[in-house]
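**Q** Take a look at the following structure, please.
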Amino acid sequence: MKEKLLSRIKYPQDLRKLSLDQLPILAQELRNFVINIVATKEGHLGASLGVIELTIALHYIFDTPNDLLVWDVGHQAYPHKILTGRKDLFHTNRQLHGISGFPKRSESEYDTFGVGHSSTSISAVLGMAIASKLKGNITKQHIAVIGDASIASGMAFEGLNHAGVTDANMLVILNDNSIGIDPSVGALKEYLTKAKVGYKPKTDNIIEALNFSYFGPVDGHDLPGLLKTLENLKNKKGPKLLHIITTKGKGLKQAEENQVKYHAPGKFDAATGELVPKKDTQEPPKFQDVFGHTILELARKNKDIIGITPAMPTGSSLKYMMEEMPDRAFDVGIAEQHAVTLAAGMATQGLIPFCTIYSTFLQRAYDQLIHDVALQNLPVVFCIDRAGLVGADGATHHGVFDIAYTNCIPNMIVAAPLDEIELRNLLYTASLRLDNPISIRYPRGRGRILDWKKDMTEVPIGKAKCLLEMDSDIAILSTGTIGSNVSDTLDTLSAKVSHYHFCFIKPLDKELLKEILQKHKIIITVEDGVIKGGFGHSIISFVNENKLGNKIYTLGIPDNFIHHGTTEELQDICGISSSKIKETILRLL
Ligand SMILES: Cc1ncc(C[n+]2csc(CCOP(=O)(O)OP(=O)(O)O)c2C)c(N)n1
Ligand SMILES: CC(=O)[C@@H](O)[C@H](O)COP(=O)(O)O
Ligand SMILES: [Mg+2]
């Protein structure tokens, strides 16, 4: 289809010149534009297709960027980016030096708040609305667009609870498509389902009970209807919520029919919607699948094992256990804080909870980790997925802080397996019931071992191991799967360098460490987490405490935020790709 209208629009002011009856044509063009680019460049598809009409209506009716619009999570903001000055850059979405896959304040004045993690929009918009009022601006509009899964999070409720006792001029648009990445869960989801079919929506209205004016539910794909509703809401004062019903993946048959897969489908054929078939060769497993299959295997033998995920059953592969053992594996929704304390409660009763959380999202539950788990020394098993650099999702999603933020918590065991087999062995060890909480971190993506389903053995807590012993001044100490970059380097290097793998960052293997420090003058530490407070700093502390004179060079994530690109590109930028590790060694030799 040839573009008639989209090519004329650079900014919302161009959009506002169109007549009402041109807008549905524009919606079709915008939808095709998103599909065509995401088909080859990859990214979050389904959510963006679901808000095409809403995006057009919002920028048409409201005076953006003077009126402030915040997209919750921001994975649905592709049409917003295209209509706000970034159409010509959209083909660089999520690539190194390209535009971000999420709204970002430094990228555009239309991106009023940086997002990536969910459920922040209501608080952010309330803050903006209060600021406008204090500055004497009573006409400015403040709009949060939040999904049905994100509004069920504690933080969103905190925002609603506060907003309901203010006269803030704010509009929350609840984009209800009954699904997050996986189907939405919980009592609120059941309530919203009833509201959709008109079951006692007025008398039992939870939103009105929170002092919001409630409007809807309305069809979020009916563009003329949406325009009318928004125009009408513009003149209503105080906190208000518009409930719209949409279909995730709208307009692409496969995406509508398989919403979980098409949340972020990878490459697909733009014309047919078919996914690009995978190569026929056997691949090593994804680390998430090593976790997902292993926990199920362990749970079959040990009835005390429980699985918990906050809203990521597919991403974490806990779904395998959820399918077979629905009473012992829980998706609690976007509720990281609850997930951690729920696990703590279970641990007090002798259960062995495995709480699987992406590294970046566990940041949300830091106090729960300290106060509810570690302080009481409850043996919760944290399976920290997506640890390290995650690639295209960028700064909001890299799992680079968890070593530092768990390393400093008393009682925590902090572990980072080298490969799939060690991950399995650690999960097995944790299933034997430890005396402490443990974090086991592993990365996004695939390992390297095809034959990984070996019998499991217990891992001695706090023991490191030598992978390559050389008569050399230099030793590399690595932790976690980044150790394979070190091995790749050493495979291609004629110089002699020793290599040790520290599966445990805490407790450190002090005995072996002393031996290593006696044998080698120069130590290079390698980790895929932040250097400050990380593994390398633990080695430096040990050297200082023992008044040893070794020179320590720490490789890891530097003290700045790392943006998007492929994981390999970003590792290179941080100096932890195998070629950059090699450069460091050659410089020191
Ligand atoms: C704190 C946090 N936890 C988990 C995620 C992962 N995540 C991204 S989108 C999403 C689902 C959002 O669903 P919903 O709010 O209904 O929006 P939709 O995708 O349906 O538009 C989840 C769980 C996240 N971004 N932030
Ligand atoms: C928007 C969001 O937070 C998720 O969709 C995230 O991008 C998933 O990451 P994975 O692709 O690593 O599961
Ligand atoms: Mg949803």
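Ligands are numbered from 1 in the order shown, chains are lettered A, B, ... in the order of the structure tokens, and residues start at 1 in each chain.
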Write out as a tab-separated table the residues of chain A that have any atom within 8 Å of an atom of ligand 1, one row each with the nearest atom pair and its distance in Å to one decimal, counting only C-alpha atoms and all ligand atoms, sorted by chain and then rising number.
**A**
```
residue	atom	partner	partner_atom_place_in_ligand_line	distance
A:Gly46	CA	ligand 1	19 (O)	7.3
A:Ala47	CA	ligand 1	21 (O)	4.4
A:Ser48	CA	ligand 1	21 (O)	7.5
A:Gly50	CA	ligand 1	21 (O)	7.2
A:Asp72	CA	ligand 1	15 (O)	7.3
A:Val73	CA	ligand 1	25 (N)	5.4
A:His75	CA	ligand 1	9 (S)	6.6
A:Gln76	CA	ligand 1	21 (O)	6.2
A:Gly116	CA	ligand 1	25 (N)	5.3
A:His117	CA	ligand 1	26 (N)	3.5
A:Ser118	CA	ligand 1	26 (N)	3.9
A:Ser119	CA	ligand 1	1 (C)	6.8
A:Ile146	CA	ligand 1	15 (O)	5.9
A:Gly147	CA	ligand 1	15 (O)	3.2
A:Asp148	CA	ligand 1	16 (O)	4.1
A:Ala149	CA	ligand 1	16 (O)	3.7
A:Ser150	CA	ligand 1	15 (O)	3.7
A:Ile151	CA	ligand 1	15 (O)	6.5
A:Asn175	CA	ligand 1	21 (O)	6.9
A:Asp176	CA	ligand 1	16 (O)	6.6
A:Asn177	CA	ligand 1	20 (O)	5.7
A:Ser178	CA	ligand 1	16 (O)	6.6
A:Ile179	CA	ligand 1	20 (O)	4.9
A:Gly180	CA	ligand 1	13 (O)	3.1
A:Ile181	CA	ligand 1	11 (C)	4.5
A:Asp182	CA	ligand 1	11 (C)	7.3
A:Ser184	CA	ligand 1	16 (O)	6.9
A:Lys248	CA	ligand 1	20 (O)	6.4
A:His263	CA	ligand 1	19 (O)	7.1
A:Pro310	CA	ligand 1	4 (C)	7.0
A:Ala311	CA	ligand 1	23 (C)	4.9
A:Met312	CA	ligand 1	23 (C)	6.0
A:Gly333	CA	ligand 1	23 (C)	7.2
A:Ile334	CA	ligand 1	3 (N)	5.2
A:Ala335	CA	ligand 1	3 (N)	7.2
A:Glu336	CA	ligand 1	1 (C)	7.0
A:Phe361	CA	ligand 1	1 (C)	5.2
A:Arg364	CA	ligand 1	1 (C)	6.7
```
**Q** Take the selection from the previous step and output its residues with C-alpha atoms, as a PDB file, in the first residue's frame.
**A**
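out.pdb written:
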```pdb
ATOM      1  CA  GLY A  46       1.961  -6.736  19.665  1.00  0.00           C
ATOM      2  CA  ALA A  47       1.630  -3.884  22.146  1.00  0.00           C
ATOM      3  CA  SER A  48       2.371  -1.222  19.525  1.00  0.00           C
ATOM      4  CA  GLY A  50      -2.761  -2.500  19.823  1.00  0.00           C
ATOM      5  CA  ASP A  72       3.822   2.859  30.894  1.00  0.00           C
ATOM      6  CA  VAL A  73       6.622   0.328  30.201  1.00  0.00           C
ATOM      7  CA  HIS A  75       7.152  -1.091  24.730  1.00  0.00           C
ATOM      8  CA  GLN A  76       3.968   0.130  23.013  1.00  0.00           C
ATOM      9  CA  GLY A 116      11.146   0.302  30.484  1.00  0.00           C
ATOM     10  CA  HIS A 117      10.092  -1.053  33.851  1.00  0.00           C
ATOM     11  CA  SER A 118       6.346  -1.111  34.330  1.00  0.00           C
ATOM     12  CA  SER A 119       3.780   0.651  36.480  1.00  0.00           C
ATOM     13  CA  ILE A 146      -1.075   1.906  31.316  1.00  0.00           C
ATOM     14  CA  GLY A 147      -1.866  -1.720  30.474  1.00  0.00           C
ATOM     15  CA  ASP A 148      -4.065  -4.139  32.397  1.00  0.00           C
ATOM     16  CA  ALA A 149      -1.066  -6.135  33.661  1.00  0.00           C
ATOM     17  CA  SER A 150       0.907  -3.065  34.671  1.00  0.00           C
ATOM     18  CA  ILE A 151      -1.958  -1.440  36.566  1.00  0.00           C
ATOM     19  CA  ASN A 175      -5.412  -0.074  27.918  1.00  0.00           C
ATOM     20  CA  ASP A 176      -7.074  -3.373  28.679  1.00  0.00           C
ATOM     21  CA  ASN A 177      -6.254  -6.246  26.334  1.00  0.00           C
ATOM     22  CA  SER A 178      -6.431  -8.969  29.019  1.00  0.00           C
ATOM     23  CA  ILE A 179      -2.805  -9.888  28.552  1.00  0.00           C
ATOM     24  CA  GLY A 180       0.634  -8.839  29.684  1.00  0.00           C
ATOM     25  CA  ILE A 181       3.437 -10.773  28.032  1.00  0.00           C
ATOM     26  CA  ASP A 182       1.566 -13.854  29.240  1.00  0.00           C
ATOM     27  CA  SER A 184      -2.902 -11.365  32.923  1.00  0.00           C
ATOM     28  CA  LYS A 248      -2.895  -6.953  21.369  1.00  0.00           C
ATOM     29  CA  HIS A 263       4.764  -9.742  22.028  1.00  0.00           C
ATOM     30  CA  PRO A 310       6.400 -12.155  38.691  1.00  0.00           C
ATOM     31  CA  ALA A 311       4.740 -12.014  35.270  1.00  0.00           C
ATOM     32  CA  MET A 312       7.422 -13.808  33.255  1.00  0.00           C
ATOM     33  CA  GLY A 333       1.728 -10.780  38.004  1.00  0.00           C
ATOM     34  CA  ILE A 334       3.970  -7.727  37.842  1.00  0.00           C
ATOM     35  CA  ALA A 335       4.614  -7.853  41.563  1.00  0.00           C
ATOM     36  CA  GLU A 336       8.303  -8.356  42.238  1.00  0.00           C
ATOM     37  CA  PHE A 361      13.271  -6.400  37.796  1.00  0.00           C
ATOM     38  CA  ARG A 364      12.191  -3.415  42.472  1.00  0.00           C
TER      39      ARG A 364
END
```
**Q** Could you give me, as a ChimeraX atom specification, each residue of stretch 141-384 of chain A that DSSP assigns to helix (DSSP H, G or I) when run on this structure's backbone?
**A** /A:150-152,154-163,187-196,206-209,223-234,253-257,261-263,287-301,313-316,319-324,336-348,359-374
**Q** Go through A:Ile476, A:Leu210, A:Ile576, A:Val260 and flag the residue nearest A:Val165, using only C-alpha atoms for the distances.
**A**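 For A:Val165, the nearest of the given residues is A:Leu210.
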**Q** Within 7 Å of stretch 455-472 of chain A, which residues of stretch 416-444 of chain A come that close, and what is the closest atom pair and distance in Å for each? Count only C-alpha atoms and give it as CSV.
**A**
```
residue,atom,partner,partner_atom,distance
A:Arg424,CA,A:Met456,CA,6.6
A:Asn425,CA,A:Met456,CA,5.2
A:Leu426,CA,A:Val459,CA,6.1
A:Tyr428,CA,A:Met456,CA,6.5
A:Thr429,CA,A:Glu458,CA,5.0
```
**Q** Would you save the residues of that selection, restricted to all heavy atoms, as an mmCIF file, in the first residue's frame?
**A**
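And here is the file that came out, result.cif:
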```
data_model
loop_
_atom_site.group_PDB
_atom_site.id
_atom_site.type_symbol
_atom_site.label_atom_id
_atom_site.label_comp_id
_atom_site.auth_asym_id
_atom_site.auth_seq_id
_atom_site.Cartn_x
_atom_site.Cartn_y
_atom_site.Cartn_z
ATOM 1 N N ARG A 424 22.686 -26.240 36.417
ATOM 2 C CA ARG A 424 21.863 -27.358 36.889
ATOM 3 C C ARG A 424 22.337 -27.858 38.256
ATOM 4 O O ARG A 424 21.540 -28.108 39.155
ATOM 5 C CB ARG A 424 21.994 -28.519 35.883
ATOM 6 C CG ARG A 424 20.812 -28.664 34.969
ATOM 7 C CD ARG A 424 21.144 -29.625 33.875
ATOM 8 N NE ARG A 424 20.915 -31.045 34.215
ATOM 9 C CZ ARG A 424 19.738 -31.602 34.364
ATOM 10 N NH1 ARG A 424 18.641 -30.860 34.257
ATOM 11 N NH2 ARG A 424 19.616 -32.893 34.624
ATOM 12 N N ASN A 425 23.642 -27.973 38.385
ATOM 13 C CA ASN A 425 24.178 -28.488 39.651
ATOM 14 C C ASN A 425 23.879 -27.529 40.810
ATOM 15 O O ASN A 425 23.603 -27.965 41.925
ATOM 16 C CB ASN A 425 25.682 -28.737 39.532
ATOM 17 C CG ASN A 425 25.964 -29.951 38.647
ATOM 18 O OD1 ASN A 425 25.090 -30.786 38.436
ATOM 19 N ND2 ASN A 425 27.177 -30.043 38.137
ATOM 20 N N LEU A 426 23.924 -26.231 40.515
ATOM 21 C CA LEU A 426 23.600 -25.257 41.572
ATOM 22 C C LEU A 426 22.122 -25.351 41.960
ATOM 23 O O LEU A 426 21.776 -25.267 43.146
ATOM 24 C CB LEU A 426 23.904 -23.840 41.086
ATOM 25 C CG LEU A 426 25.348 -23.368 41.209
ATOM 26 C CD1 LEU A 426 25.533 -22.057 40.447
ATOM 27 C CD2 LEU A 426 25.763 -23.170 42.668
ATOM 28 N N TYR A 428 20.279 -27.938 41.744
ATOM 29 C CA TYR A 428 20.167 -29.188 42.517
ATOM 30 C C TYR A 428 20.655 -28.963 43.958
ATOM 31 O O TYR A 428 19.990 -29.347 44.924
ATOM 32 C CB TYR A 428 20.988 -30.276 41.821
ATOM 33 C CG TYR A 428 21.164 -31.526 42.638
ATOM 34 C CD1 TYR A 428 20.081 -32.381 42.896
ATOM 35 C CD2 TYR A 428 22.409 -31.856 43.186
ATOM 36 C CE1 TYR A 428 20.245 -33.516 43.672
ATOM 37 C CE2 TYR A 428 22.580 -32.986 43.950
ATOM 38 C CZ TYR A 428 21.493 -33.811 44.196
ATOM 39 O OH TYR A 428 21.651 -34.937 44.969
ATOM 40 N N THR A 429 21.799 -28.294 44.082
ATOM 41 C CA THR A 429 22.374 -28.037 45.415
ATOM 42 C C THR A 429 21.393 -27.219 46.255
ATOM 43 O O THR A 429 21.150 -27.514 47.429
ATOM 44 C CB THR A 429 23.717 -27.280 45.267
ATOM 45 O OG1 THR A 429 24.537 -28.022 44.367
ATOM 46 C CG2 THR A 429 24.426 -27.113 46.599
#
```
**Q** Using only C-alpha atoms, pick whichever of A:Arg328, A:His80, A:Lys87, A:Lys510 has the shortest atom-to-atom distance to A:Leu296.
**A**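 Counting only C-alpha atoms, the residue closest to A:Leu296 is A:Arg328.
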**Q** Taking only C-alpha atoms and all ligand atoms into account, which residues are within 10 Å of ligand 2, as a tab-separated table (two decimals) with N, CA, C and O atoms, in the first residue's frame?
**A**
```
chain	number	residue	atom	x	y	z
A	43	GLY	N	11.71	-6.47	17.64
A	43	GLY	CA	11.27	-5.55	18.69
A	43	GLY	C	9.91	-5.95	19.21
A	43	GLY	O	9.40	-7.04	18.95
A	44	HIS	N	9.31	-5.02	19.99
A	44	HIS	CA	8.02	-5.29	20.62
A	44	HIS	C	6.90	-4.95	19.64
A	44	HIS	O	6.63	-3.77	19.40
A	45	LEU	N	6.25	-5.96	19.14
A	45	LEU	CA	5.27	-5.75	18.07
A	45	LEU	C	3.84	-5.61	18.60
A	45	LEU	O	3.15	-4.62	18.34
A	47	ALA	N	2.15	-5.00	21.35
A	47	ALA	CA	1.63	-3.88	22.15
A	47	ALA	C	1.48	-2.64	21.28
A	47	ALA	O	0.51	-1.89	21.40
A	72	ASP	N	3.31	3.80	29.90
A	72	ASP	CA	3.82	2.86	30.89
A	72	ASP	C	4.58	1.72	30.21
A	72	ASP	O	4.17	1.22	29.16
A	73	VAL	N	5.66	1.30	30.78
A	73	VAL	CA	6.62	0.33	30.20
A	73	VAL	C	7.30	0.94	28.98
A	73	VAL	O	8.50	0.98	28.87
A	74	GLY	N	6.46	1.40	28.02
A	74	GLY	CA	7.00	2.07	26.84
A	74	GLY	C	7.26	1.14	25.67
A	74	GLY	O	7.68	1.58	24.61
A	75	HIS	N	6.96	-0.15	25.84
A	75	HIS	CA	7.15	-1.09	24.73
A	75	HIS	C	6.09	-0.91	23.65
A	75	HIS	O	6.20	-1.47	22.58
A	76	GLN	N	5.06	-0.11	23.98
A	76	GLN	CA	3.97	0.13	23.01
A	76	GLN	C	4.13	1.49	22.33
A	76	GLN	O	3.23	1.96	21.65
A	101	GLY	N	14.35	1.53	22.12
A	101	GLY	CA	13.06	0.84	22.01
A	101	GLY	C	12.04	1.33	23.03
A	101	GLY	O	10.89	0.88	23.04
A	102	PHE	N	12.45	2.23	23.89
A	102	PHE	CA	11.55	2.76	24.92
A	102	PHE	C	11.61	4.30	24.89
A	102	PHE	O	12.63	4.86	24.46
A	115	VAL	N	11.10	5.22	30.50
A	115	VAL	CA	10.44	4.01	31.01
A	115	VAL	C	11.12	2.76	30.45
A	115	VAL	O	12.06	2.83	29.68
A	116	GLY	N	10.59	1.61	30.85
A	116	GLY	CA	11.15	0.30	30.48
A	116	GLY	C	10.64	-0.70	31.52
A	116	GLY	O	10.15	-1.77	31.20
A	117	HIS	N	10.72	-0.29	32.77
A	117	HIS	CA	10.09	-1.05	33.85
A	117	HIS	C	8.65	-0.56	33.97
A	117	HIS	O	8.37	0.62	33.72
A	118	SER	N	7.77	-1.44	34.40
A	118	SER	CA	6.35	-1.11	34.33
A	118	SER	C	5.84	-0.33	35.54
A	118	SER	O	6.53	-0.22	36.56
A	180	GLY	N	-0.64	-9.55	29.52
A	180	GLY	CA	0.63	-8.84	29.68
A	180	GLY	C	1.54	-9.40	28.60
A	180	GLY	O	1.22	-9.33	27.42
A	181	ILE	N	2.68	-9.98	29.01
A	181	ILE	CA	3.44	-10.77	28.03
A	181	ILE	C	2.73	-12.13	27.96
A	181	ILE	O	2.45	-12.65	26.88
A	263	HIS	N	4.39	-10.88	21.15
A	263	HIS	CA	4.76	-9.74	22.03
A	263	HIS	C	6.08	-9.16	21.49
A	263	HIS	O	6.22	-7.95	21.31
A	264	ALA	N	7.02	-10.05	21.23
A	264	ALA	CA	8.31	-9.65	20.63
A	264	ALA	C	8.77	-10.86	19.81
A	264	ALA	O	9.54	-11.68	20.29
A	265	PRO	N	8.26	-10.96	18.58
A	265	PRO	CA	8.38	-12.23	17.86
A	265	PRO	C	9.72	-12.52	17.20
A	265	PRO	O	9.91	-13.61	16.68
A	266	GLY	N	10.63	-11.58	17.19
A	266	GLY	CA	11.84	-11.78	16.36
A	266	GLY	C	11.47	-11.48	14.91
A	266	GLY	O	10.45	-10.84	14.64
A	288	GLN	N	17.37	-19.93	30.28
A	288	GLN	CA	16.05	-19.96	30.91
A	288	GLN	C	15.45	-21.37	30.84
A	288	GLN	O	14.77	-21.81	31.76
A	312	MET	N	6.58	-13.38	34.36
A	312	MET	CA	7.42	-13.81	33.25
A	312	MET	C	7.45	-15.34	33.12
A	312	MET	O	8.54	-15.93	33.02
A	313	PRO	N	6.30	-16.01	33.07
A	313	PRO	CA	6.34	-17.47	32.96
A	313	PRO	C	7.00	-17.95	31.67
A	313	PRO	O	7.74	-18.93	31.67
A	314	THR	N	6.76	-17.24	30.56
A	314	THR	CA	7.38	-17.67	29.30
A	314	THR	C	8.85	-17.27	29.29
A	314	THR	O	9.72	-18.09	29.00
A	315	GLY	N	9.12	-16.01	29.64
A	315	GLY	CA	10.50	-15.51	29.58
A	315	GLY	C	11.44	-16.27	30.51
A	315	GLY	O	12.62	-16.43	30.21
A	316	SER	N	10.91	-16.73	31.65
A	316	SER	CA	11.78	-17.43	32.60
A	316	SER	C	11.71	-18.95	32.40
A	316	SER	O	12.47	-19.67	33.02
A	317	SER	N	10.75	-19.40	31.58
A	317	SER	CA	10.48	-20.84	31.37
A	317	SER	C	9.94	-21.54	32.62
A	317	SER	O	9.95	-22.78	32.68
A	358	TYR	N	13.98	-11.65	36.55
A	358	TYR	CA	15.03	-11.00	35.76
A	358	TYR	C	15.83	-10.09	36.70
A	358	TYR	O	15.25	-9.38	37.54
A	360	THR	N	17.16	-7.23	36.32
A	360	THR	CA	16.75	-5.83	36.32
A	360	THR	C	15.46	-5.60	37.12
A	360	THR	O	15.28	-4.57	37.76
A	361	PHE	N	14.55	-6.58	37.10
A	361	PHE	CA	13.27	-6.40	37.80
A	361	PHE	C	13.39	-6.71	39.29
A	361	PHE	O	12.57	-6.22	40.09
A	385	ASP	N	17.60	-14.37	36.32
A	385	ASP	CA	17.70	-14.52	34.86
A	385	ASP	C	18.08	-13.17	34.23
A	385	ASP	O	17.98	-12.12	34.86
A	386	ARG	N	18.50	-13.22	32.95
A	386	ARG	CA	18.87	-12.00	32.19
A	386	ARG	C	19.94	-11.20	32.95
A	386	ARG	O	19.90	-9.97	32.99
A	387	ALA	N	20.86	-11.94	33.60
A	387	ALA	CA	21.96	-11.25	34.28
A	387	ALA	C	23.00	-10.88	33.24
A	387	ALA	O	23.24	-11.63	32.29
A	390	VAL	N	21.90	-7.32	28.28
A	390	VAL	CA	20.84	-8.07	27.59
A	390	VAL	C	20.69	-7.69	26.12
A	390	VAL	O	19.91	-8.30	25.40
A	391	GLY	N	21.40	-6.66	25.67
A	391	GLY	CA	21.34	-6.32	24.26
A	391	GLY	C	20.35	-5.22	23.95
A	391	GLY	O	20.40	-4.13	24.55
A	392	ALA	N	19.42	-5.50	23.02
A	392	ALA	CA	18.60	-4.46	22.40
A	392	ALA	C	17.65	-3.73	23.35
A	392	ALA	O	17.25	-2.59	23.08
A	393	ASP	N	17.26	-4.34	24.45
A	393	ASP	CA	16.37	-3.64	25.39
A	393	ASP	C	17.09	-2.46	26.06
A	393	ASP	O	16.45	-1.52	26.53
A	394	GLY	N	18.40	-2.56	26.19
A	394	GLY	CA	19.18	-1.40	26.61
A	394	GLY	C	19.22	-1.11	28.10
A	394	GLY	O	19.00	-2.00	28.94
A	396	THR	N	17.53	0.23	30.45
A	396	THR	CA	16.51	-0.07	31.46
A	396	THR	C	16.52	-1.56	31.84
A	396	THR	O	16.00	-1.93	32.88
A	397	HIS	N	17.08	-2.39	30.99
A	397	HIS	CA	16.93	-3.83	31.16
A	397	HIS	C	18.22	-4.61	31.42
A	397	HIS	O	18.15	-5.81	31.72
A	398	HIS	N	19.38	-3.96	31.28
A	398	HIS	CA	20.61	-4.73	31.53
A	398	HIS	C	20.62	-5.22	32.98
A	398	HIS	O	20.29	-4.47	33.90
A	443	PRO	N	22.63	-15.69	32.22
A	443	PRO	CA	22.33	-14.63	31.24
A	443	PRO	C	21.15	-14.92	30.33
A	443	PRO	O	20.59	-16.02	30.31
A	444	ARG	N	20.80	-13.91	29.54
A	444	ARG	CA	19.85	-14.05	28.43
A	444	ARG	C	20.52	-14.90	27.35
A	444	ARG	O	21.72	-14.81	27.15
A	445	GLY	N	19.74	-15.69	26.66
A	445	GLY	CA	20.28	-16.37	25.49
A	445	GLY	C	20.76	-17.79	25.77
A	445	GLY	O	20.43	-18.39	26.79
```
**Q** Using the chain letters and numbers from this document, which residues of stretch 45-287 of chain A does DSSP assign to strand (DSSP E or B), as a PyMOL selection string?
**A** chain A and resi 68-71+142-147+170-176+179+183+213-219+240-245+268+275+286
**Q** For stretch 121-127 of chain A, find every residue with an atom within 8 Å (counting only C-alpha atoms), except residues of its own chain fewer than 2 positions away, and show them as number ranges by chain.
**A** A: 68-72, 113, 118-119, 129-131, 142-146, 155-156, 158-160, 163, 168, 170, 172
**Q** Please identify all polymer residues within 12 Å of A:Tyr110, counting only C-alpha atoms, omitting same-chain residues fewer than 5 positions from it, and present them as a list of chain:residue names.
**A** A:Tyr11, A:Pro12, A:His59, A:Asp63, A:Thr64, A:Pro65, A:Asn66, A:Asp67, A:Leu68, A:Leu69, A:Val70, A:Trp71, A:Ala77, A:His80, A:Lys81, A:Ile82, A:Leu83, A:Thr84, A:Gly85, A:Arg86, A:Pro103, A:Lys104, A:Arg105
**Q** One decimal, in Å: what's the spacing between atom CA of A:Glu42 and atom CA of A:Glu323?
**A** 28.5 Å
**Q** Nearest to A:Pro239: which of A:Lys582, A:Lys454, A:His338, A:His162 is it, counting only C-alpha atoms?
**A**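 Between A:Lys582, A:Lys454, A:His338, A:His162, the residue approaching A:Pro239 most closely is A:His162.
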**Q** From the list A:Pro183, A:Pro24, A:Gly534, A:Gly345, which residue is nearest ligand 3 when using only C-alpha atoms and all ligand atoms?
**A**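 Nearest to ligand 3: A:Pro183.
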**Q** How many Å lie between atom CA of A:Thr246 and atom CA of A:Leu23, rounded to one decimal?
**A**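 Going from atom CA of A:Thr246 over to atom CA of A:Leu23 covers 17.7 Å.
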